[in-house]
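For reference, data_0.txt is printed below; it contains compact mmCIF, C-alpha atoms.
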# COMPACT_ATOMS: atom_id res chain seq x y z
CA MET V 1 -36.64 -13.34 43.26
CA ILE V 2 -37.27 -16.70 41.66
CA PRO V 3 -37.35 -15.20 38.13
CA ALA V 4 -34.05 -13.41 38.81
CA LEU V 5 -32.57 -16.63 40.15
CA ALA V 6 -33.81 -18.51 37.08
CA LEU V 7 -32.24 -15.89 34.84
CA ALA V 8 -28.90 -16.20 36.61
CA ILE V 9 -29.05 -20.00 36.45
CA GLY V 10 -29.84 -19.83 32.74
CA ILE V 11 -26.87 -17.55 32.08
CA ALA V 12 -24.62 -19.79 34.15
CA LEU V 13 -25.76 -22.88 32.24
CA GLY V 14 -25.22 -21.18 28.92
CA LEU V 15 -21.74 -20.10 29.87
CA PHE V 16 -20.92 -23.47 31.41
CA PHE V 17 -22.07 -25.82 28.66
CA GLU V 18 -21.12 -23.63 25.73
CA PRO V 19 -23.50 -25.39 23.32
CA THR V 20 -23.15 -24.58 19.65
CA VAL V 21 -26.12 -22.87 18.07
CA PRO V 22 -27.69 -25.08 15.39
CA ALA V 23 -27.14 -23.63 11.92
CA GLY V 24 -30.85 -23.33 11.22
CA LEU V 25 -31.39 -21.34 14.38
CA GLN V 26 -28.47 -18.98 14.00
CA PRO V 27 -30.28 -16.05 12.32
CA TYR V 28 -33.17 -16.26 14.78
CA LEU V 29 -31.51 -16.61 18.15
CA PRO V 30 -30.27 -13.01 18.51
CA ILE V 31 -33.67 -11.66 17.40
CA ALA V 32 -35.42 -14.00 19.83
CA VAL V 33 -33.16 -12.82 22.66
CA VAL V 34 -33.89 -9.17 21.89
CA ALA V 35 -37.63 -9.86 21.71
CA ALA V 36 -37.51 -11.68 25.05
CA LEU V 37 -35.57 -8.79 26.57
CA ASP V 38 -38.34 -6.48 25.40
CA ALA V 39 -40.89 -8.67 27.13
CA VAL V 40 -38.82 -8.72 30.33
CA PHE V 41 -38.42 -4.94 30.38
CA GLY V 42 -42.17 -4.58 29.80
CA ALA V 43 -42.79 -6.97 32.69
CA VAL V 44 -40.54 -5.05 35.06
CA ARG V 45 -42.29 -1.84 34.09
CA ALA V 46 -45.70 -3.44 34.68
CA GLN V 47 -44.51 -4.78 38.01
CA LEU V 48 -43.47 -1.28 39.07
CA GLU V 49 -46.78 0.13 37.90
CA GLY V 50 -48.56 -2.55 39.85
CA ILE V 51 -50.29 -4.01 36.82
CA PHE V 52 -48.06 -7.04 36.35
CA ASP V 53 -49.80 -10.22 35.39
CA ASP V 54 -47.98 -13.54 35.11
CA ARG V 55 -50.20 -14.80 32.36
CA VAL V 56 -49.78 -11.68 30.29
CA PHE V 57 -46.05 -11.90 30.74
CA VAL V 58 -45.84 -15.53 29.64
CA VAL V 59 -48.02 -14.93 26.63
CA SER V 60 -46.24 -11.72 25.62
CA PHE V 61 -42.84 -13.36 26.08
CA VAL V 62 -43.66 -16.35 23.91
CA SER V 63 -45.54 -14.35 21.30
CA ASN V 64 -42.80 -11.75 21.12
CA VAL V 65 -40.19 -14.40 20.45
CA LEU V 66 -42.37 -16.23 17.95
CA VAL V 67 -43.41 -13.10 16.05
CA ALA V 68 -39.87 -11.82 15.88
CA GLY V 69 -38.68 -15.19 14.61
CA LEU V 70 -41.53 -15.36 12.12
CA VAL V 71 -40.83 -11.86 10.79
CA VAL V 72 -37.17 -12.69 10.29
CA PHE V 73 -38.07 -16.00 8.68
CA LEU V 74 -40.45 -14.25 6.31
CA GLY V 75 -37.79 -11.71 5.51
CA ASP V 76 -35.35 -14.48 4.73
CA GLN V 77 -37.86 -16.08 2.40
CA LEU V 78 -38.47 -12.76 0.68
CA GLY V 79 -34.78 -12.01 0.37
CA VAL V 80 -34.87 -9.07 2.78
CA GLY V 81 -33.97 -11.01 5.90
CA GLY V 82 -31.03 -8.81 6.79
CA GLN V 83 -32.95 -5.56 6.52
CA LEU V 84 -36.02 -6.96 8.26
CA SER V 85 -34.04 -8.30 11.21
CA THR V 86 -32.39 -4.90 11.48
CA GLY V 87 -35.86 -3.36 11.51
CA VAL V 88 -37.06 -5.75 14.21
CA VAL V 89 -34.04 -4.98 16.33
CA VAL V 90 -34.60 -1.25 15.91
CA VAL V 91 -38.26 -1.44 16.89
CA LEU V 92 -37.61 -3.68 19.87
CA GLY V 93 -34.70 -1.46 20.87
CA ILE V 94 -36.96 1.58 20.88
CA ARG V 95 -39.49 -0.30 23.02
CA ILE V 96 -36.79 -1.40 25.41
CA PHE V 97 -35.59 2.19 25.69
CA SER V 98 -39.06 3.56 26.42
CA ASN V 99 -39.70 0.79 28.96
CA ALA V 100 -36.35 1.54 30.57
CA ALA V 101 -37.31 5.21 30.73
CA ALA V 102 -40.58 4.32 32.49
CA ILE V 103 -38.74 2.06 34.93
CA ARG V 104 -36.27 4.85 35.62
CA ARG V 105 -39.08 7.27 36.30
CA HIS V 106 -40.62 4.84 38.77
CA ILE V 107 -37.40 4.15 40.63
CA PHE V 108 -35.81 7.57 40.69
CA HIS V 109 -38.94 9.64 40.16
CA ALA V 110 -37.06 11.49 37.49
CA MET H 1 -43.23 0.67 48.41
CA TRP H 2 -42.37 -1.41 45.42
CA TRP H 3 -39.26 -3.05 46.87
CA ARG H 4 -41.18 -4.22 49.95
CA ARG H 5 -43.61 -6.02 47.74
CA LEU H 6 -40.72 -7.59 45.82
CA LEU H 7 -39.13 -8.68 49.10
CA ARG H 8 -42.33 -10.21 50.33
CA THR H 9 -42.89 -12.26 47.20
CA ALA H 10 -39.24 -13.32 47.32
CA LEU H 11 -39.40 -14.41 50.93
CA HIS H 12 -42.76 -16.12 50.79
CA PRO H 13 -43.05 -17.61 47.34
CA HIS H 14 -46.34 -19.22 46.68
CA LEU H 15 -45.51 -21.16 43.61
CA ARG H 16 -48.07 -21.49 40.89
CA ARG H 17 -47.74 -22.94 37.40
CA VAL H 18 -47.46 -19.48 35.94
CA ASP H 19 -44.61 -18.64 38.26
CA ILE H 20 -42.78 -21.73 37.10
CA ALA H 21 -43.46 -20.78 33.49
CA VAL H 22 -42.07 -17.30 34.11
CA ALA H 23 -38.98 -18.75 35.76
CA VAL H 24 -38.48 -21.22 32.93
CA LEU H 25 -38.87 -18.50 30.33
CA LEU H 26 -36.40 -16.24 32.06
CA GLY H 27 -34.00 -19.12 32.44
CA LEU H 28 -34.35 -19.82 28.75
CA LEU H 29 -33.72 -16.15 28.03
CA GLY H 30 -30.55 -16.14 30.11
CA PHE H 31 -29.39 -19.38 28.53
CA ALA H 32 -30.06 -18.18 25.00
CA ALA H 33 -28.43 -14.82 25.62
CA ALA H 34 -25.32 -16.44 27.07
CA VAL H 35 -25.13 -18.94 24.21
CA GLN H 36 -25.59 -16.20 21.66
CA VAL H 37 -22.95 -13.99 23.24
CA ARG H 38 -20.57 -16.90 23.45
CA SER H 39 -21.14 -18.01 19.87
CA THR H 40 -20.74 -14.42 18.62
CA GLN H 41 -17.42 -14.17 20.45
CA ASP H 42 -16.30 -17.57 19.21
CA ASP H 43 -17.21 -17.54 15.58
CA GLY H 44 -16.96 -13.90 14.75
CA VAL H 45 -19.24 -12.50 12.11
CA LEU H 46 -19.25 -15.29 9.56
CA ALA H 47 -21.09 -18.00 11.50
CA SER H 48 -24.10 -15.80 12.24
CA ALA H 49 -24.14 -14.04 8.86
CA ARG H 50 -26.96 -14.88 6.52
CA GLN H 51 -26.63 -16.36 3.10
CA GLU H 52 -26.71 -13.21 0.98
CA ASP H 53 -24.21 -11.54 3.29
CA LEU H 54 -21.95 -14.55 2.95
CA VAL H 55 -22.30 -14.40 -0.82
CA GLN H 56 -21.43 -10.71 -0.70
CA ILE H 57 -18.40 -11.40 1.50
CA LEU H 58 -17.33 -14.23 -0.78
CA ASP H 59 -17.65 -11.93 -3.78
CA ASP H 60 -15.54 -9.30 -2.09
CA LEU H 61 -12.93 -11.88 -1.19
CA THR H 62 -12.86 -13.25 -4.71
CA ASN H 63 -12.40 -9.78 -6.17
CA ARG H 64 -9.72 -9.01 -3.66
CA SER H 65 -7.84 -12.23 -4.30
CA LEU H 66 -8.07 -11.52 -8.02
CA ARG H 67 -6.60 -8.06 -7.48
CA LEU H 68 -3.89 -9.46 -5.23
CA ARG H 69 -3.05 -12.16 -7.75
CA GLN H 70 -2.66 -9.51 -10.46
CA GLU H 71 -0.43 -7.56 -8.11
CA VAL H 72 1.64 -10.69 -7.48
CA ALA H 73 2.05 -11.18 -11.23
CA THR H 74 3.15 -7.57 -11.70
CA LEU H 75 5.61 -7.76 -8.85
CA THR H 76 6.97 -11.07 -10.10
CA THR H 77 7.71 -9.59 -13.51
CA THR H 78 9.33 -6.58 -11.88
CA ARG H 79 11.47 -8.83 -9.74
CA GLU H 80 12.53 -10.92 -12.71
CA ARG H 81 13.42 -7.80 -14.64
CA LEU H 82 15.42 -6.48 -11.71
CA THR H 83 17.26 -9.74 -11.08
CA THR H 84 18.22 -10.23 -14.72
CA GLY H 85 19.15 -6.55 -14.85
CA SER H 86 21.31 -6.84 -11.78
CA GLY H 87 22.80 -10.06 -13.16
CA ARG H 88 23.74 -8.19 -16.30
CA GLU H 89 25.11 -5.38 -14.19
CA GLN H 90 27.10 -7.87 -12.14
CA ALA H 91 28.56 -9.38 -15.29
CA ALA H 92 29.41 -5.92 -16.57
CA VAL H 93 31.15 -5.05 -13.29
CA THR H 94 33.12 -8.31 -13.33
CA GLU H 95 34.12 -7.74 -16.93
CA ALA H 96 35.12 -4.15 -16.20
CA ARG H 97 37.21 -5.30 -13.24
CA ARG H 98 38.91 -7.94 -15.39
CA ARG H 99 39.69 -5.40 -18.07
CA ALA H 100 41.01 -2.99 -15.47
CA GLN H 101 43.39 -5.71 -14.25
CA VAL H 102 44.58 -6.53 -17.76
CA LEU H 103 45.02 -2.89 -18.67
CA GLY H 104 46.70 -2.24 -15.32
CA VAL H 105 49.33 -4.87 -16.12
CA LEU H 106 49.83 -3.30 -19.53
CA ALA H 107 49.97 0.26 -18.21
CA GLY H 108 52.15 -0.69 -15.26
CA THR H 109 49.71 0.42 -12.56
CA VAL H 110 49.37 -2.98 -10.89
CA ALA H 111 52.08 -5.40 -9.82
CA ALA H 112 52.32 -8.67 -11.75
CA ARG H 113 53.65 -12.10 -10.95
CA GLY H 114 54.19 -15.06 -13.20
CA PRO H 115 56.72 -17.32 -14.88
CA GLY H 116 59.46 -15.49 -16.73
CA VAL H 117 63.15 -14.78 -17.03
CA LEU H 118 65.79 -12.54 -15.50
CA VAL H 119 68.13 -10.97 -18.08
CA THR H 120 71.20 -9.61 -16.33
CA ILE H 121 73.42 -7.36 -18.45
CA THR H 122 76.76 -6.48 -16.98
CA ASP H 123 78.66 -3.57 -18.43
CA PRO H 124 82.08 -3.25 -16.82
CA ASP H 125 83.35 -0.75 -19.42
CA HIS H 126 80.23 1.43 -19.53
CA LYS H 127 79.86 0.80 -23.23
CA ILE H 128 76.27 -0.33 -23.31
CA THR H 129 74.19 2.43 -24.85
CA ALA H 130 70.51 3.13 -24.79
CA ASP H 131 69.89 1.59 -28.20
CA VAL H 132 71.33 -1.75 -27.06
CA LEU H 133 68.86 -1.95 -24.21
CA LEU H 134 66.06 -0.69 -26.46
CA ASP H 135 66.89 -3.51 -28.89
CA ALA H 136 66.78 -5.94 -26.02
CA LEU H 137 63.42 -4.57 -24.93
CA GLU H 138 62.01 -4.85 -28.45
CA GLU H 139 63.19 -8.43 -28.62
CA LEU H 140 61.53 -9.17 -25.28
CA ARG H 141 58.28 -7.67 -26.49
CA ASP H 142 58.45 -9.57 -29.75
CA SER H 143 58.87 -12.81 -27.86
CA GLY H 144 55.74 -12.20 -25.88
CA ALA H 145 56.82 -10.50 -22.67
CA GLU H 146 53.76 -9.29 -20.82
CA ALA H 147 55.23 -7.26 -17.96
CA ILE H 148 58.75 -5.91 -17.72
CA GLN H 149 60.73 -3.95 -15.20
CA LEU H 150 64.28 -2.70 -15.61
CA GLU H 151 66.64 -2.48 -12.67
CA GLY H 152 70.00 -0.74 -12.37
CA SER H 153 73.06 -1.22 -10.15
CA VAL H 154 72.24 -4.90 -9.77
CA ASP H 155 74.76 -6.63 -7.58
CA PRO H 156 75.11 -10.19 -8.91
CA ALA H 157 75.79 -11.40 -5.38
CA SER H 158 72.83 -9.93 -3.51
CA ASN H 159 70.59 -9.88 -6.57
CA THR H 160 68.59 -6.93 -5.28
CA PRO H 161 68.77 -3.50 -6.88
CA PRO H 162 68.50 -0.22 -4.97
CA ALA H 163 64.88 0.78 -4.66
CA ASP H 164 65.38 4.00 -6.57
CA GLN H 165 66.79 2.24 -9.62
CA VAL H 166 63.74 0.18 -10.56
CA VAL H 167 61.55 1.24 -13.47
CA ARG H 168 58.41 -0.38 -14.79
CA VAL H 169 58.74 -0.61 -18.56
CA VAL H 170 55.59 0.39 -20.43
CA ALA H 171 54.71 1.53 -23.91
CA SER H 172 55.92 5.07 -23.37
CA THR H 173 59.17 4.15 -21.63
CA SER H 174 62.16 6.07 -22.98
CA PHE H 175 65.88 5.20 -22.97
CA VAL H 176 68.41 8.05 -22.97
CA ASP H 177 72.17 7.87 -22.58
CA ALA H 178 73.10 9.64 -19.38
CA GLY H 179 76.47 10.77 -20.76
CA ASP H 180 79.01 11.83 -18.18
CA ARG H 181 77.08 10.46 -15.23
CA GLY H 182 77.43 6.99 -16.74
CA GLY H 183 74.57 4.59 -17.20
CA LEU H 184 71.17 5.33 -18.70
CA GLU H 185 68.23 7.51 -17.98
CA VAL H 186 65.06 5.46 -18.22
CA ASP H 187 61.84 7.43 -17.85
CA GLY H 188 63.84 10.08 -16.05
CA THR H 189 65.40 7.63 -13.58
CA LEU H 190 69.18 7.18 -13.67
CA LEU H 191 70.12 3.50 -13.86
CA LEU H 192 73.72 2.39 -13.49
CA PRO H 193 75.16 -0.93 -14.62
CA ALA H 194 74.71 -3.70 -14.14
CA TYR H 195 71.21 -3.78 -15.59
CA ARG H 196 68.61 -6.43 -15.19
CA PHE H 197 65.33 -7.02 -16.98
CA VAL H 198 62.68 -8.79 -14.92
CA VAL H 199 60.31 -10.23 -17.51
CA ILE H 200 57.02 -12.10 -17.21
CA GLY H 201 56.32 -14.28 -20.21
CA ASP H 202 56.96 -17.77 -21.56
CA PRO H 203 60.50 -18.50 -20.27
CA ALA H 204 61.41 -20.92 -23.08
CA THR H 205 60.27 -18.62 -25.89
CA ILE H 206 61.97 -15.57 -24.43
CA SER H 207 65.29 -17.23 -23.66
CA ALA H 208 65.31 -18.80 -27.13
CA ALA H 209 64.55 -15.44 -28.73
CA LEU H 210 67.34 -13.75 -26.82
CA ALA H 211 69.84 -16.45 -27.71
CA ILE H 212 69.43 -16.48 -31.49
CA PRO H 213 72.59 -15.66 -33.44
CA GLY H 214 72.88 -11.93 -33.91
CA GLY H 215 70.30 -11.45 -31.19
CA VAL H 216 70.37 -9.65 -27.88
CA ILE H 217 73.05 -11.75 -26.20
CA ASP H 218 75.39 -11.42 -29.18
CA ASN H 219 74.62 -7.73 -29.44
CA VAL H 220 75.45 -7.08 -25.78
CA GLY H 221 78.62 -9.12 -26.13
CA GLN H 222 79.72 -7.03 -29.13
CA SER H 223 79.10 -3.87 -27.09
CA GLY H 224 81.54 -5.05 -24.46
CA GLY H 225 78.98 -6.34 -22.00
CA HIS H 226 77.75 -9.70 -20.93
CA ALA H 227 74.15 -10.91 -20.88
CA VAL H 228 72.91 -13.83 -18.79
CA VAL H 229 69.39 -15.21 -19.08
CA THR H 230 67.94 -17.05 -16.07
CA ARG H 231 64.59 -18.82 -16.31
CA ARG H 232 62.36 -18.61 -13.27
CA GLU H 233 59.13 -20.36 -12.26
CA SER H 234 57.85 -17.14 -10.77
CA VAL H 235 59.09 -13.60 -10.96
CA LEU H 236 57.58 -10.48 -9.49
CA VAL H 237 57.25 -7.30 -11.49
CA GLY H 238 56.52 -5.09 -8.53
CA ALA H 239 57.50 -1.63 -9.75
CA LEU H 240 54.50 0.56 -10.39
CA ARG H 241 54.01 3.48 -12.61
CA PRO H 242 51.73 6.38 -11.66
CA LEU H 243 48.77 6.67 -13.95
CA ASP H 244 48.74 10.06 -15.54
CA ARG H 245 45.58 11.41 -17.02
CA PRO H 246 45.86 12.38 -20.64
CA ARG H 247 45.72 16.12 -21.01
CA TYR H 248 44.16 16.27 -24.44
CA ALA H 249 42.95 12.86 -25.46
CA ARG H 250 39.42 11.97 -24.35
CA PRO H 251 37.61 8.68 -24.83
CA ALA H 252 35.38 8.90 -27.90
CA ASP H 253 32.50 6.83 -29.21
CA LYS H 254 33.17 4.94 -32.41
CA GLN H 255 30.23 6.64 -34.14
CA SER H 256 31.12 10.19 -33.26
CA GLY H 257 34.80 9.54 -34.19
Please go through the file and, once you have read it, give me the structure as structure tokens.
Amino acid sequence: MIPALALAIGIALGLFFEPTVPAGLQPYLPIAVVAALDAVFGAVRAQLEGIFDDRVFVVSFVSNVLVAGLVVFLGDQLGVGGQLSTGVVVVLGIRIFSNAAAIRRHIFHA
Amino acid sequence: MWWRRLLRTALHPHLRRVDIAVAVLLGLLGFAAAVQVRSTQDDGVLASARQEDLVQILDDLTNRSLRLRQEVATLTTTRERLTTGSGREQAAVTEARRRAQVLGVLAGTVAARGPGVLVTITDPDHKITADVLLDALEELRDSGAEAIQLEGSVDPASNTPPADQVVRVVASTSFVDAGDRGGLEVDGTLLLPAYRFVVIGDPATISAALAIPGGVIDNVGQSGGHAVVTRRESVLVGALRPLDRPRYARPADKQSG
């Protein structure tokens, strides 16, 4: 409940303050958001499977975001930033889909 | 069941540091997602595009503006050509219209107004013949008459001839003695005395030319008539002549002559 509440508050703050994304952060923010979403979906799945662990979630969340950002940064340095961020998004998207499928199976048993 | 466990943790939260960390992280996620969504909506594609994409877009735009500029140049030349062409066409139309007016006055197809004289020739004894009036006409032409009409049965009092006794005098006008019927046949129209020429031209020149010794006035007097010249500021040569198409003659180029 508290995590859901925190999520809602975060969204509300973001919509309310409308801060501009710093230029240096602009390529990384969408990737970071997708990586974090992957972590959240994984956490929900783990929760449903009864193997959720706060610590694991925090670590996986932070590391996901950092690794995704690092990969994109490396890609930018190598001149393949666009392709690499596409790749990251694809991989994370696949993970999100498989996690969503597992969650669906748990909830609907189908 | 899973939702009971969720409910229990929601109703009896036992906060630990990790829980706070999870909440903070999720809050951050929501915040970042909202900001990202908002900035994507606000700035469109360009703000979040990376450098090489921007370079690519800039290249595309440069190429496109180059193409468009070339197109502008082409269209500008076309427009200039068309405007000068239409200007030339306009001038040609104006010139053609002016020539049509001039030729219309000459051919008797348009009415004309201008300074001129009225030459009234009375003929009480019916002795004026066609050649007297033809002489008078030649004299009028020599003195620069530009448009002439000849009227018959002119009443000196009312000064207006019957409508069917008005003839526009042009190059092909003919004068024939009408014989027993009295008067003259001009272009097939019977005119009875008294006659009157309505002439557009320089009044001084024409009246002087008519008055020279042995000229028209003397000639008419010798024929038993009486000629009176009246100068006018403005006379109207209103009789028209139908334009008949030549049956045989066709316009020809100078070269193919």
In Å, how far is it from CA of Phe197 (chain H) to CA of Leu118 (chain H)? 5.7 Å
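If you look at CA of Leu191 (chain H) and CA of Asp155 (chain H), they are 12.8 Å away from each other.
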For region 61-67 of chain V, work out the shell of residues within 7 Å, counting all atoms listed in the file and skipping chain neighbours fewer than 2 positions away, then give it as a PyMOL selection string. chain V and resi 32+35-36+39+57-59+69-71
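Between CA of Val228 (chain H) and CA of Gly201 (chain H) the separation is 16.7 Å.
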Using all atoms listed in the file, find the residues of chain V whose closest atom to chain H is at most 8 Å away, then write them as a PyMOL selection string. chain V and resi 1-4+6-15+18-21+26-27+29-30+33+36-37+48+54-55+57-58+61+82
Using all atoms of region 247-254 of chain H listed in the file and a margin of 6 Å per side, can you give the axis-aligned box centre and edge lengths in Å to one decimal, as AutoDock Vina command-line options?
--center_x 39.1 --center_y 10.6 --center_z -26.7 --size_x 25.2 --size_y 23.3 --size_z 23.4
Give as a ChimeraX atom specification every residue, naming chains and numbers as the document does, that has an atom within 8 Å of (67.9, 2.5, -8.4), counting only C-alpha atoms. /H:151-153,161-166,189-192
Long-range neighbours of Val91 (chain V) as a ChimeraX atom specification, 12 Å cut-off, all atoms listed in the file, 4 positions minimum in chain: /V:31,34-35,38,68,84-87,95-98
Spatial neighbours of Glu185 (chain H), 6 Å, only C-alpha atoms, chain gap at least 5 places, as a ChimeraX atom specification: /H:175-176,178,190
Would you save region 67-87 of chain V from the block above with N, CA and C atoms, as a PDB file, in the first residue's frame?
ATOM      1  N   VAL V  67      22.695   0.423 -14.544  1.00  0.00           N
ATOM      2  CA  VAL V  67      23.249  -0.333 -15.678  1.00  0.00           C
ATOM      3  C   VAL V  67      22.672   0.174 -16.989  1.00  0.00           C
ATOM      4  N   ALA V  68      21.362   0.412 -16.977  1.00  0.00           N
ATOM      5  CA  ALA V  68      20.742   0.906 -18.206  1.00  0.00           C
ATOM      6  C   ALA V  68      21.369   2.235 -18.605  1.00  0.00           C
ATOM      7  N   GLY V  69      21.511   3.132 -17.595  1.00  0.00           N
ATOM      8  CA  GLY V  69      22.121   4.431 -17.881  1.00  0.00           C
ATOM      9  C   GLY V  69      23.542   4.264 -18.377  1.00  0.00           C
ATOM     10  N   LEU V  70      24.274   3.362 -17.748  1.00  0.00           N
ATOM     11  CA  LEU V  70      25.676   3.153 -18.120  1.00  0.00           C
ATOM     12  C   LEU V  70      25.773   2.633 -19.563  1.00  0.00           C
ATOM     13  N   VAL V  71      24.906   1.675 -19.879  1.00  0.00           N
ATOM     14  CA  VAL V  71      24.935   1.104 -21.240  1.00  0.00           C
ATOM     15  C   VAL V  71      24.678   2.197 -22.276  1.00  0.00           C
ATOM     16  N   VAL V  72      23.663   3.029 -21.980  1.00  0.00           N
ATOM     17  CA  VAL V  72      23.342   4.094 -22.933  1.00  0.00           C
ATOM     18  C   VAL V  72      24.503   5.085 -23.024  1.00  0.00           C
ATOM     19  N   PHE V  73      25.089   5.389 -21.872  1.00  0.00           N
ATOM     20  CA  PHE V  73      26.215   6.320 -21.859  1.00  0.00           C
ATOM     21  C   PHE V  73      27.359   5.779 -22.694  1.00  0.00           C
ATOM     22  N   LEU V  74      27.654   4.484 -22.479  1.00  0.00           N
ATOM     23  CA  LEU V  74      28.718   3.844 -23.261  1.00  0.00           C
ATOM     24  C   LEU V  74      28.401   3.906 -24.749  1.00  0.00           C
ATOM     25  N   GLY V  75      27.157   3.617 -25.068  1.00  0.00           N
ATOM     26  CA  GLY V  75      26.739   3.662 -26.465  1.00  0.00           C
ATOM     27  C   GLY V  75      26.950   5.047 -27.040  1.00  0.00           C
ATOM     28  N   ASP V  76      26.598   6.055 -26.258  1.00  0.00           N
ATOM     29  CA  ASP V  76      26.793   7.423 -26.732  1.00  0.00           C
ATOM     30  C   ASP V  76      28.267   7.676 -27.005  1.00  0.00           C
ATOM     31  N   GLN V  77      29.117   7.220 -26.083  1.00  0.00           N
ATOM     32  CA  GLN V  77      30.541   7.444 -26.269  1.00  0.00           C
ATOM     33  C   GLN V  77      31.060   6.727 -27.508  1.00  0.00           C
ATOM     34  N   LEU V  78      30.478   5.558 -27.780  1.00  0.00           N
ATOM     35  CA  LEU V  78      30.939   4.770 -28.924  1.00  0.00           C
ATOM     36  C   LEU V  78      30.270   5.188 -30.225  1.00  0.00           C
ATOM     37  N   GLY V  79      29.301   6.082 -30.118  1.00  0.00           N
ATOM     38  CA  GLY V  79      28.634   6.530 -31.336  1.00  0.00           C
ATOM     39  C   GLY V  79      27.490   5.635 -31.751  1.00  0.00           C
ATOM     40  N   VAL V  80      27.076   4.713 -30.864  1.00  0.00           N
ATOM     41  CA  VAL V  80      25.936   3.856 -31.187  1.00  0.00           C
ATOM     42  C   VAL V  80      24.853   4.015 -30.126  1.00  0.00           C
ATOM     43  N   GLY V  81      24.804   5.212 -29.539  1.00  0.00           N
ATOM     44  CA  GLY V  81      23.877   5.446 -28.434  1.00  0.00           C
ATOM     45  C   GLY V  81      22.441   5.161 -28.812  1.00  0.00           C
ATOM     46  N   GLY V  82      22.053   5.625 -30.002  1.00  0.00           N
ATOM     47  CA  GLY V  82      20.664   5.446 -30.422  1.00  0.00           C
ATOM     48  C   GLY V  82      20.299   3.978 -30.520  1.00  0.00           C
ATOM     49  N   GLN V  83      21.158   3.209 -31.202  1.00  0.00           N
ATOM     50  CA  GLN V  83      20.869   1.792 -31.395  1.00  0.00           C
ATOM     51  C   GLN V  83      20.883   1.049 -30.068  1.00  0.00           C
ATOM     52  N   LEU V  84      21.875   1.413 -29.199  1.00  0.00           N
ATOM     53  CA  LEU V  84      22.016   0.702 -27.937  1.00  0.00           C
ATOM     54  C   LEU V  84      20.834   0.984 -27.024  1.00  0.00           C
ATOM     55  N   SER V  85      20.355   2.240 -27.018  1.00  0.00           N
ATOM     56  CA  SER V  85      19.205   2.523 -26.156  1.00  0.00           C
ATOM     57  C   SER V  85      17.968   1.812 -26.687  1.00  0.00           C
ATOM     58  N   THR V  86      17.886   1.695 -28.020  1.00  0.00           N
ATOM     59  CA  THR V  86      16.790   0.894 -28.570  1.00  0.00           C
ATOM     60  C   THR V  86      16.897  -0.549 -28.086  1.00  0.00           C
ATOM     61  N   GLY V  87      18.129  -1.079 -28.135  1.00  0.00           N
ATOM     62  CA  GLY V  87      18.337  -2.453 -27.677  1.00  0.00           C
ATOM     63  C   GLY V  87      17.945  -2.628 -26.222  1.00  0.00           C
TER      64      GLY V  87
END
